[in-house]
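**Student:** File follows, structure-v2.pdb with PDB, C-alpha atoms and all ligand atoms:
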ATOM      1  CA  MET K   1      75.663 115.796  69.937
ATOM      2  CA  ARG K   2      78.257 114.916  67.348
ATOM      3  CA  ARG K   3      81.914 115.776  67.795
ATOM      4  CA  THR K   4      84.402 115.266  64.990
ATOM      5  CA  LEU K   5      87.870 114.271  66.181
ATOM      6  CA  ASP K   6      89.413 114.462  62.738
ATOM      7  CA  ASP K   7      87.958 113.890  59.306
ATOM      8  CA  ARG K   8      87.439 110.160  59.876
ATOM      9  CA  PHE K   9      86.654 109.769  63.592
ATOM     10  CA  GLU K  10      83.504 110.999  65.236
ATOM     11  CA  LEU K  11      81.882 110.819  68.677
ATOM     12  CA  ASP K  12      78.091 110.718  68.847
ATOM     13  CA  ASP K  13      75.726 110.334  71.816
ATOM     14  CA  ASP K  14      72.713 109.349  69.708
ATOM     15  CA  PRO K  15      71.551 105.987  71.137
ATOM     16  CA  ALA K  16      69.705 105.217  67.899
ATOM     17  CA  ARG K  17      73.017 105.239  66.038
ATOM     18  CA  ILE K  18      74.659 102.572  68.204
ATOM     19  CA  ASP K  19      75.456  99.397  66.272
ATOM     20  CA  VAL K  20      74.144  97.001  68.898
ATOM     21  CA  LEU K  21      75.588  93.954  67.143
ATOM     22  CA  ALA K  22      79.064  95.520  67.145
ATOM     23  CA  VAL K  23      78.853  96.485  70.821
ATOM     24  CA  HIS K  24      77.560  93.030  71.694
ATOM     25  CA  ALA K  25      80.373  91.391  69.718
ATOM     26  CA  PHE K  26      83.006  93.249  71.755
ATOM     27  CA  ILE K  27      81.378  93.031  75.183
ATOM     28  CA  SER K  28      80.370  89.379  74.961
ATOM     29  CA  GLY K  29      83.333  88.161  72.942
ATOM     30  CA  GLU K  30      86.368  90.279  73.824
ATOM     31  CA  SER K  31      85.854  92.228  77.047
ATOM     32  CA  TYR K  32      87.223  90.779  80.270
ATOM     33  CA  TRP K  33      84.107  91.760  82.228
ATOM     34  CA  GLY K  34      81.110  90.913  80.066
ATOM     35  CA  LYS K  35      81.950  87.592  78.417
ATOM     36  CA  GLY K  36      78.818  85.838  77.274
ATOM     37  CA  ARG K  37      76.476  88.786  77.863
ATOM     38  CA  THR K  38      73.439  88.193  75.681
ATOM     39  CA  LEU K  39      72.364  90.481  72.866
ATOM     40  CA  GLU K  40      69.121  91.166  74.709
ATOM     41  CA  LEU K  41      71.037  92.260  77.812
ATOM     42  CA  VAL K  42      73.337  94.505  75.765
ATOM     43  CA  GLU K  43      70.266  96.110  74.175
ATOM     44  CA  ARG K  44      68.846  96.770  77.639
ATOM     45  CA  THR K  45      72.108  98.291  78.904
ATOM     46  CA  ILE K  46      72.002 100.719  75.985
ATOM     47  CA  SER K  47      68.330 101.643  76.247
ATOM     48  CA  GLY K  48      68.563 101.908  80.038
ATOM     49  CA  SER K  49      71.672 104.065  80.168
ATOM     50  CA  THR K  50      71.413 107.766  80.874
ATOM     51  CA  ARG K  51      73.914 108.528  78.110
ATOM     52  CA  VAL K  52      75.799 106.434  75.596
ATOM     53  CA  VAL K  53      78.672 107.645  73.434
ATOM     54  CA  GLY K  54      79.759 105.850  70.291
ATOM     55  CA  LEU K  55      83.099 106.255  68.549
ATOM     56  CA  TYR K  56      82.848 105.924  64.770
ATOM     57  CA  HIS K  57      85.478 105.548  62.078
ATOM     58  CA  ASP K  58      84.160 106.291  58.613
ATOM     59  CA  GLY K  59      80.734 105.681  60.135
ATOM     60  CA  ALA K  60      81.529 102.254  61.599
ATOM     61  CA  GLN K  61      81.345 101.645  65.345
ATOM     62  CA  VAL K  62      84.868 101.229  66.753
ATOM     63  CA  GLY K  63      84.317 102.276  70.364
ATOM     64  CA  PHE K  64      81.665 102.728  72.999
ATOM     65  CA  ALA K  65      81.058 103.958  76.532
ATOM     66  CA  ARG K  66      77.952 104.450  78.618
ATOM     67  CA  ALA K  67      76.844 106.111  81.829
ATOM     68  CA  VAL K  68      74.099 105.527  84.353
ATOM     69  CA  SER K  69      73.201 108.560  86.429
ATOM     70  CA  ASP K  70      70.656 110.400  88.562
ATOM     71  CA  ARG K  71      71.517 113.457  86.386
ATOM     72  CA  ALA K  72      72.081 115.513  89.522
ATOM     73  CA  MET K  73      74.924 114.206  91.657
ATOM     74  CA  LEU K  74      76.261 110.884  90.570
ATOM     75  CA  ALA K  75      77.245 109.005  87.420
ATOM     76  CA  TYR K  76      78.656 105.535  86.872
ATOM     77  CA  MET K  77      80.657 104.699  83.759
ATOM     78  CA  ALA K  78      80.667 101.257  82.192
ATOM     79  CA  ASP K  79      81.486  99.187  79.109
ATOM     80  CA  VAL K  80      84.244 101.483  77.833
ATOM     81  CA  TYR K  81      86.154 100.116  74.849
ATOM     82  CA  VAL K  82      88.046 101.012  71.706
ATOM     83  CA  LEU K  83      88.624  98.233  69.181
ATOM     84  CA  ASP K  84      92.169  96.911  69.232
ATOM     85  CA  ALA K  85      93.110  98.279  65.799
ATOM     86  CA  TYR K  86      92.332 101.829  66.908
ATOM     87  CA  ARG K  87      94.004 101.911  70.325
ATOM     88  CA  GLY K  88      97.001 103.965  71.403
ATOM     89  CA  ARG K  89      96.160 107.186  69.562
ATOM     90  CA  GLY K  90      94.173 109.026  72.194
ATOM     91  CA  LEU K  91      90.687 107.939  71.147
ATOM     92  CA  GLY K  92      89.915 106.266  74.496
ATOM     93  CA  VAL K  93      90.671 109.482  76.364
ATOM     94  CA  GLU K  94      88.442 111.487  73.999
ATOM     95  CA  LEU K  95      85.620 108.968  74.364
ATOM     96  CA  VAL K  96      85.736 109.179  78.168
ATOM     97  CA  ARG K  97      86.249 112.960  78.078
ATOM     98  CA  GLU K  98      83.039 113.305  76.093
ATOM     99  CA  LEU K  99      81.106 111.538  78.862
ATOM    100  CA  VAL K 100      82.638 113.251  81.894
ATOM    101  CA  ASP K 101      83.356 116.779  80.592
ATOM    102  CA  ALA K 102      80.581 117.388  78.055
ATOM    103  CA  GLY K 103      76.844 116.874  77.812
ATOM    104  CA  PRO K 104      74.280 116.596  80.607
ATOM    105  CA  LEU K 105      76.499 114.645  83.035
ATOM    106  CA  ALA K 106      79.540 116.924  82.876
ATOM    107  CA  GLY K 107      81.008 117.721  86.239
ATOM    108  CA  LEU K 108      79.102 115.194  88.340
ATOM    109  CA  PHE K 109      80.699 112.756  90.782
ATOM    110  CA  TRP K 110      81.884 109.878  88.581
ATOM    111  CA  MET K 111      82.641 106.286  89.493
ATOM    112  CA  LEU K 112      83.895 103.279  87.596
ATOM    113  CA  HIS K 113      85.527  99.925  88.057
ATOM    114  CA  THR K 114      88.597  99.043  86.028
ATOM    115  CA  ARG K 115      91.154  96.290  86.123
ATOM    116  CA  ASP K 116      94.050  97.941  84.348
ATOM    117  CA  ALA K 117      93.245 101.185  82.568
ATOM    118  CA  GLN K 118      93.762 103.468  85.577
ATOM    119  CA  ALA K 119      96.270 105.634  83.682
ATOM    120  CA  LEU K 120      93.659 106.548  81.093
ATOM    121  CA  TYR K 121      91.144 107.694  83.696
ATOM    122  CA  ALA K 122      93.835 109.480  85.703
ATOM    123  CA  LYS K 123      94.380 111.753  82.699
ATOM    124  CA  LEU K 124      90.809 112.942  83.195
ATOM    125  CA  GLY K 125      91.000 113.495  86.934
ATOM    126  CA  PHE K 126      89.953 110.090  88.281
ATOM    127  CA  ARG K 127      91.698 108.915  91.427
ATOM    128  CA  ALA K 128      91.503 105.667  93.373
ATOM    129  CA  GLY K 129      89.162 106.032  96.333
ATOM    130  CA  PRO K 130      90.512 106.635  99.826
ATOM    131  CA  ILE K 131      91.463 103.397 101.488
ATOM    132  CA  ASN K 132      89.514 104.199 104.633
ATOM    133  CA  TYR K 133      86.265 103.763 102.687
ATOM    134  CA  ALA K 134      85.384 100.201 101.759
ATOM    135  CA  VAL K 135      83.865  99.666  98.327
ATOM    136  CA  MET K 136      80.834  97.500  98.923
ATOM    137  CA  GLU K 137      78.996  95.684  96.187
ATOM    138  CA  ARG K 138      75.907  93.548  95.819
ATOM    139  CA  ALA K 139      76.093  91.140  92.911
ATOM    140  CA  ARG K 140      73.416  90.747  90.273
ATOM    141  CA  LYS K 141      71.073  87.904  91.114
ATOM    142  CA  ASP K 142      72.086  86.055  87.963
ATOM    143  CA  ALA K 143      75.844  86.574  88.422
ATOM    144  CA  PRO K 144      77.742  83.297  88.599
ATOM    145  CA  PRO K 145      78.704  82.463  92.202
ATOM    146  CA  THR K 146      82.413  82.664  91.433
ATOM    147  CA  SER K 147      82.138  86.282  90.308
ATOM    148  CA  VAL K 148      81.556  87.430  93.872
ATOM    149  CA  GLU K 149      84.671  85.667  95.086
ATOM    150  CA  ASP K 150      87.334  86.338  92.520
ATOM    151  CA  GLY K 151      88.343  89.828  93.471
ATOM    152  CA  ALA K 152      88.923  92.747  91.158
ATOM    153  CA  HIS K 153      88.967  90.753  87.960
ATOM    154  CA  ARG K 154      85.283  90.890  87.382
ATOM    155  CA  HIS K 155      82.704  93.599  87.712
ATOM    156  CA  ARG K 156      80.469  91.238  89.631
ATOM    157  CA  GLY K 157      77.828  91.278  86.987
ATOM    158  CA  LEU K 158      77.844  94.955  86.134
TER     159      LEU K 158
HETATM  160  C1  LIG V   1      91.196 101.015  77.674
HETATM  161  C2  LIG V   1      90.989 101.446  76.231
HETATM  162  C3  LIG V   1      89.540 101.938  76.059
HETATM  163  C4  LIG V   1      91.957 102.579  75.893
HETATM  164  O1  LIG V   1      91.720 103.032  74.593
HETATM  165  P1  LIG V   1      92.866 103.779  73.777
HETATM  166  O2  LIG V   1      92.215 104.449  72.621
HETATM  167  O3  LIG V   1      93.984 102.867  73.467
HETATM  168  O4  LIG V   1      93.316 104.852  74.847
HETATM  169  P2  LIG V   1      94.238 106.133  74.583
HETATM  170  O5  LIG V   1      95.064 105.955  73.362
HETATM  171  O6  LIG V   1      93.368 107.335  74.671
HETATM  172  O7  LIG V   1      95.172 106.053  75.872
HETATM  173  C5  LIG V   1      95.457 107.150  76.600
HETATM  174  C6  LIG V   1      96.219 106.758  77.840
HETATM  175  O8  LIG V   1      95.545 105.807  78.620
HETATM  176  C7  LIG V   1      96.462 104.866  79.150
HETATM  177  N1  LIG V   1      95.975 103.533  78.808
HETATM  178  C8  LIG V   1      95.249 103.192  77.754
HETATM  179  N2  LIG V   1      94.933 101.894  77.817
HETATM  180  C9  LIG V   1      95.463 101.410  78.936
HETATM  181  C10 LIG V   1      95.485 100.139  79.550
HETATM  182  N3  LIG V   1      94.844  99.092  79.015
HETATM  183  N4  LIG V   1      96.144  99.999  80.696
HETATM  184  C11 LIG V   1      96.777 101.062  81.249
HETATM  185  N5  LIG V   1      96.789 102.282  80.723
HETATM  186  C12 LIG V   1      96.129 102.459  79.569
HETATM  187  C13 LIG V   1      97.816 105.173  78.622
HETATM  188  O9  LIG V   1      98.496 105.791  79.701
HETATM  189  C14 LIG V   1      97.586 106.165  77.547
HETATM  190  O10 LIG V   1      98.449 107.217  77.678
HETATM  191  P3  LIG V   1      99.761 107.340  76.746
HETATM  192  O11 LIG V   1      99.247 107.349  75.343
HETATM  193  O12 LIG V   1     100.314 108.643  77.194
HETATM  194  O13 LIG V   1     100.573 106.149  77.073
HETATM  195  C15 LIG V   1      91.274 100.292  75.233
HETATM  196  O14 LIG V   1      92.594  99.835  75.440
HETATM  197  C16 LIG V   1      90.340  99.128  75.386
HETATM  198  O15 LIG V   1      89.277  99.135  74.808
HETATM  199  N6  LIG V   1      90.742  98.111  76.136
HETATM  200  C17 LIG V   1      89.939  96.933  76.307
HETATM  201  C18 LIG V   1      88.718  97.225  77.090
HETATM  202  C19 LIG V   1      89.021  97.840  78.427
HETATM  203  O16 LIG V   1      89.899  97.418  79.135
HETATM  204  N7  LIG V   1      88.217  98.863  78.746
HETATM  205  C20 LIG V   1      88.345  99.583  80.003
HETATM  206  C21 LIG V   1      87.460  98.963  81.002
HETATM  207  S1  LIG V   1      87.265 100.038  82.385
END
Could you show the structure in this file as structure tokens?
**Tutor:**
Amino acid sequence: MRRTLDDRFELDDDPARIDVLAVHAFISGESYWGKGRTLELVERTISGSTRVVGLYHDGAQVGFARAVSDRAMLAYMADVYVLDAYRGRGLGVELVRELVDAGPLAGLFWMLHTRDAQALYAKLGFRAGPINYAVMERARKDAPPTSVEDGAHRHRGL
């Protein structure tokens, strides 16, 4: 699937087109959740995801999002970003919309963790979970010990 947003921006779910070095540079260097993630790990997150969507400007990777799913009921969204220079013009919403409202995972039950972009996801129907259900998590085995303790500011190794 390719979807043109205007004549210079394009969404594409072809995993072979993902610029792994660009995604790694953002996730490991700039994201608040994946600092230090190795290139090998980023490659595995891409190859192991059910669907990835890249955002391209004149062919260059400027955004990314991915989903892990059973393809039947449930999908989890992760590693959503738009490069700083391209933010604030609706591209993040279109990137997320492509995952949740188009393609093979459209309409499933979606989950995500986010520190501060709730307003973006709210535009696409996401709501905070009911407070009578606890969110329970089990950290990755290689997550640093502090990541389990420091509250909402990390994804606990996701
Ligand atoms: C979050 C992010 C992907 C948004 O991309 P974007 O292209 O700027 O998003 P949009 O222009 O489509 O924003 C649409 C709406 O989302 C909301 N929004 C966007 N970024 C937000 C943020 N960081 N915090 C709160 N609300 C945000 C705004 O309400 C905005 O609506 P408005 O234009 O009516 O004000 C981008 O800021 C980013 O990559 N941030 C760093 C990585 C990150 O935090 N990723 C999310 C992890 S879950």
**Student:** Once the PyMOL selection byres (((chain K and resi 119-136) around 7) and not hetatm) is applied to the coordinates I shared, what remains selected? I want it as a count of residues only.
**Tutor:** 5
**Student:** Taking only C-alpha atoms and all ligand atoms into account, which of K:Phe9, K:Phe26, K:Tyr32, K:Tyr81 comes nearest ligand LIG 1 (chain V)?
**Tutor:**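 Between K:Phe9, K:Phe26, K:Tyr32, K:Tyr81, the residue approaching ligand LIG 1 (chain V) most closely is K:Tyr81.
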**Student:** Just how far from CA of Arg44 (chain K) is CA of Glu94 (chain K), in Å to one decimal?
**Tutor:** 24.8 Å
**Student:** Report, in Å to a single decimal, how far apart CA of Leu99 (chain K) and atom N2 of ligand LIG 1 (chain V) are.
**Tutor:**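 Atom-to-atom, atom N2 of ligand LIG 1 (chain V) and CA of Leu99 (chain K) are spaced 16.9 Å apart.
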**Student:** Could you check which of K:Arg66, K:Gly36, K:Leu41, K:Gly54 is closest to Asp19 (chain K), using all atoms listed in the file?
**Tutor:**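 Distance minimum relative to Asp19 (chain K) lands on K:Gly54.
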**Student:** Check every protein, DNA and RNA residue against ligand LIG 1 (chain V), keep those with an atom at most 9 Å away (counting all atoms listed in the file), and present them as a ChimeraX atom specification.
**Tutor:** /K:26-27,30-33,63-65,77-96,112-123
**Student:** Expressed in Å to a single decimal, how great is the separation between CA of Leu108 (chain K) and CA of Met73 (chain K)?
**Tutor:**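 If I compute the distance from CA of Leu108 (chain K) to CA of Met73 (chain K), I get 5.4 Å.
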**Student:** For region 92-98 of chain K, I'd like the enclosing box, axis-aligned and padded by 3 Å on every side, reported as JSON with centre and edge lengths in Å to one decimal.
**Tutor:**
{"center_x": 86.9, "center_y": 109.8, "center_z": 76.1, "size_x": 13.6, "size_y": 13.0, "size_z": 10.2}
**Student:** Counting only C-alpha atoms, find the residues whose atoms lie at most 12 Å from (83.7, 113.0, 60.5) (file coordinates) and write them out as a ChimeraX atom specification.
**Tutor:** /K:2-12,55-60
**Student:** For Asp13 (chain K), find every residue with an atom within 9 Å (counting only C-alpha atoms), except residues of its own chain fewer than 3 positions away, and show them as a CSV table (one decimal) with C-alpha atoms, in the coordinates of the input.
**Tutor:**
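Result saved to selection_7.csv:
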chain,number,residue,atom,x,y,z
K,1,MET,CA,75.7,115.8,69.9
K,2,ARG,CA,78.3,114.9,67.3
K,16,ALA,CA,69.7,105.2,67.9
K,17,ARG,CA,73.0,105.2,66.0
K,18,ILE,CA,74.7,102.6,68.2
K,51,ARG,CA,73.9,108.5,78.1
K,52,VAL,CA,75.8,106.4,75.6
K,53,VAL,CA,78.7,107.6,73.4
K,54,GLY,CA,79.8,105.8,70.3
K,98,GLU,CA,83.0,113.3,76.1
K,99,LEU,CA,81.1,111.5,78.9
K,103,GLY,CA,76.8,116.9,77.8
**Student:** So, counting all atoms listed in the file, which residue among K:Ser49, K:Ser28, K:Thr38, K:Ser69 is closest to Trp110 (chain K)?
**Tutor:**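 For Trp110 (chain K), the nearest of the candidates is K:Ser69.
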**Student:** Using only C-alpha atoms, pick whichever of K:Arg37, K:Arg71, K:His24, K:Arg138 has the shortest atom-to-atom distance to Leu105 (chain K).
**Tutor:**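 The answer is K:Arg71, which sits nearest to Leu105 (chain K).
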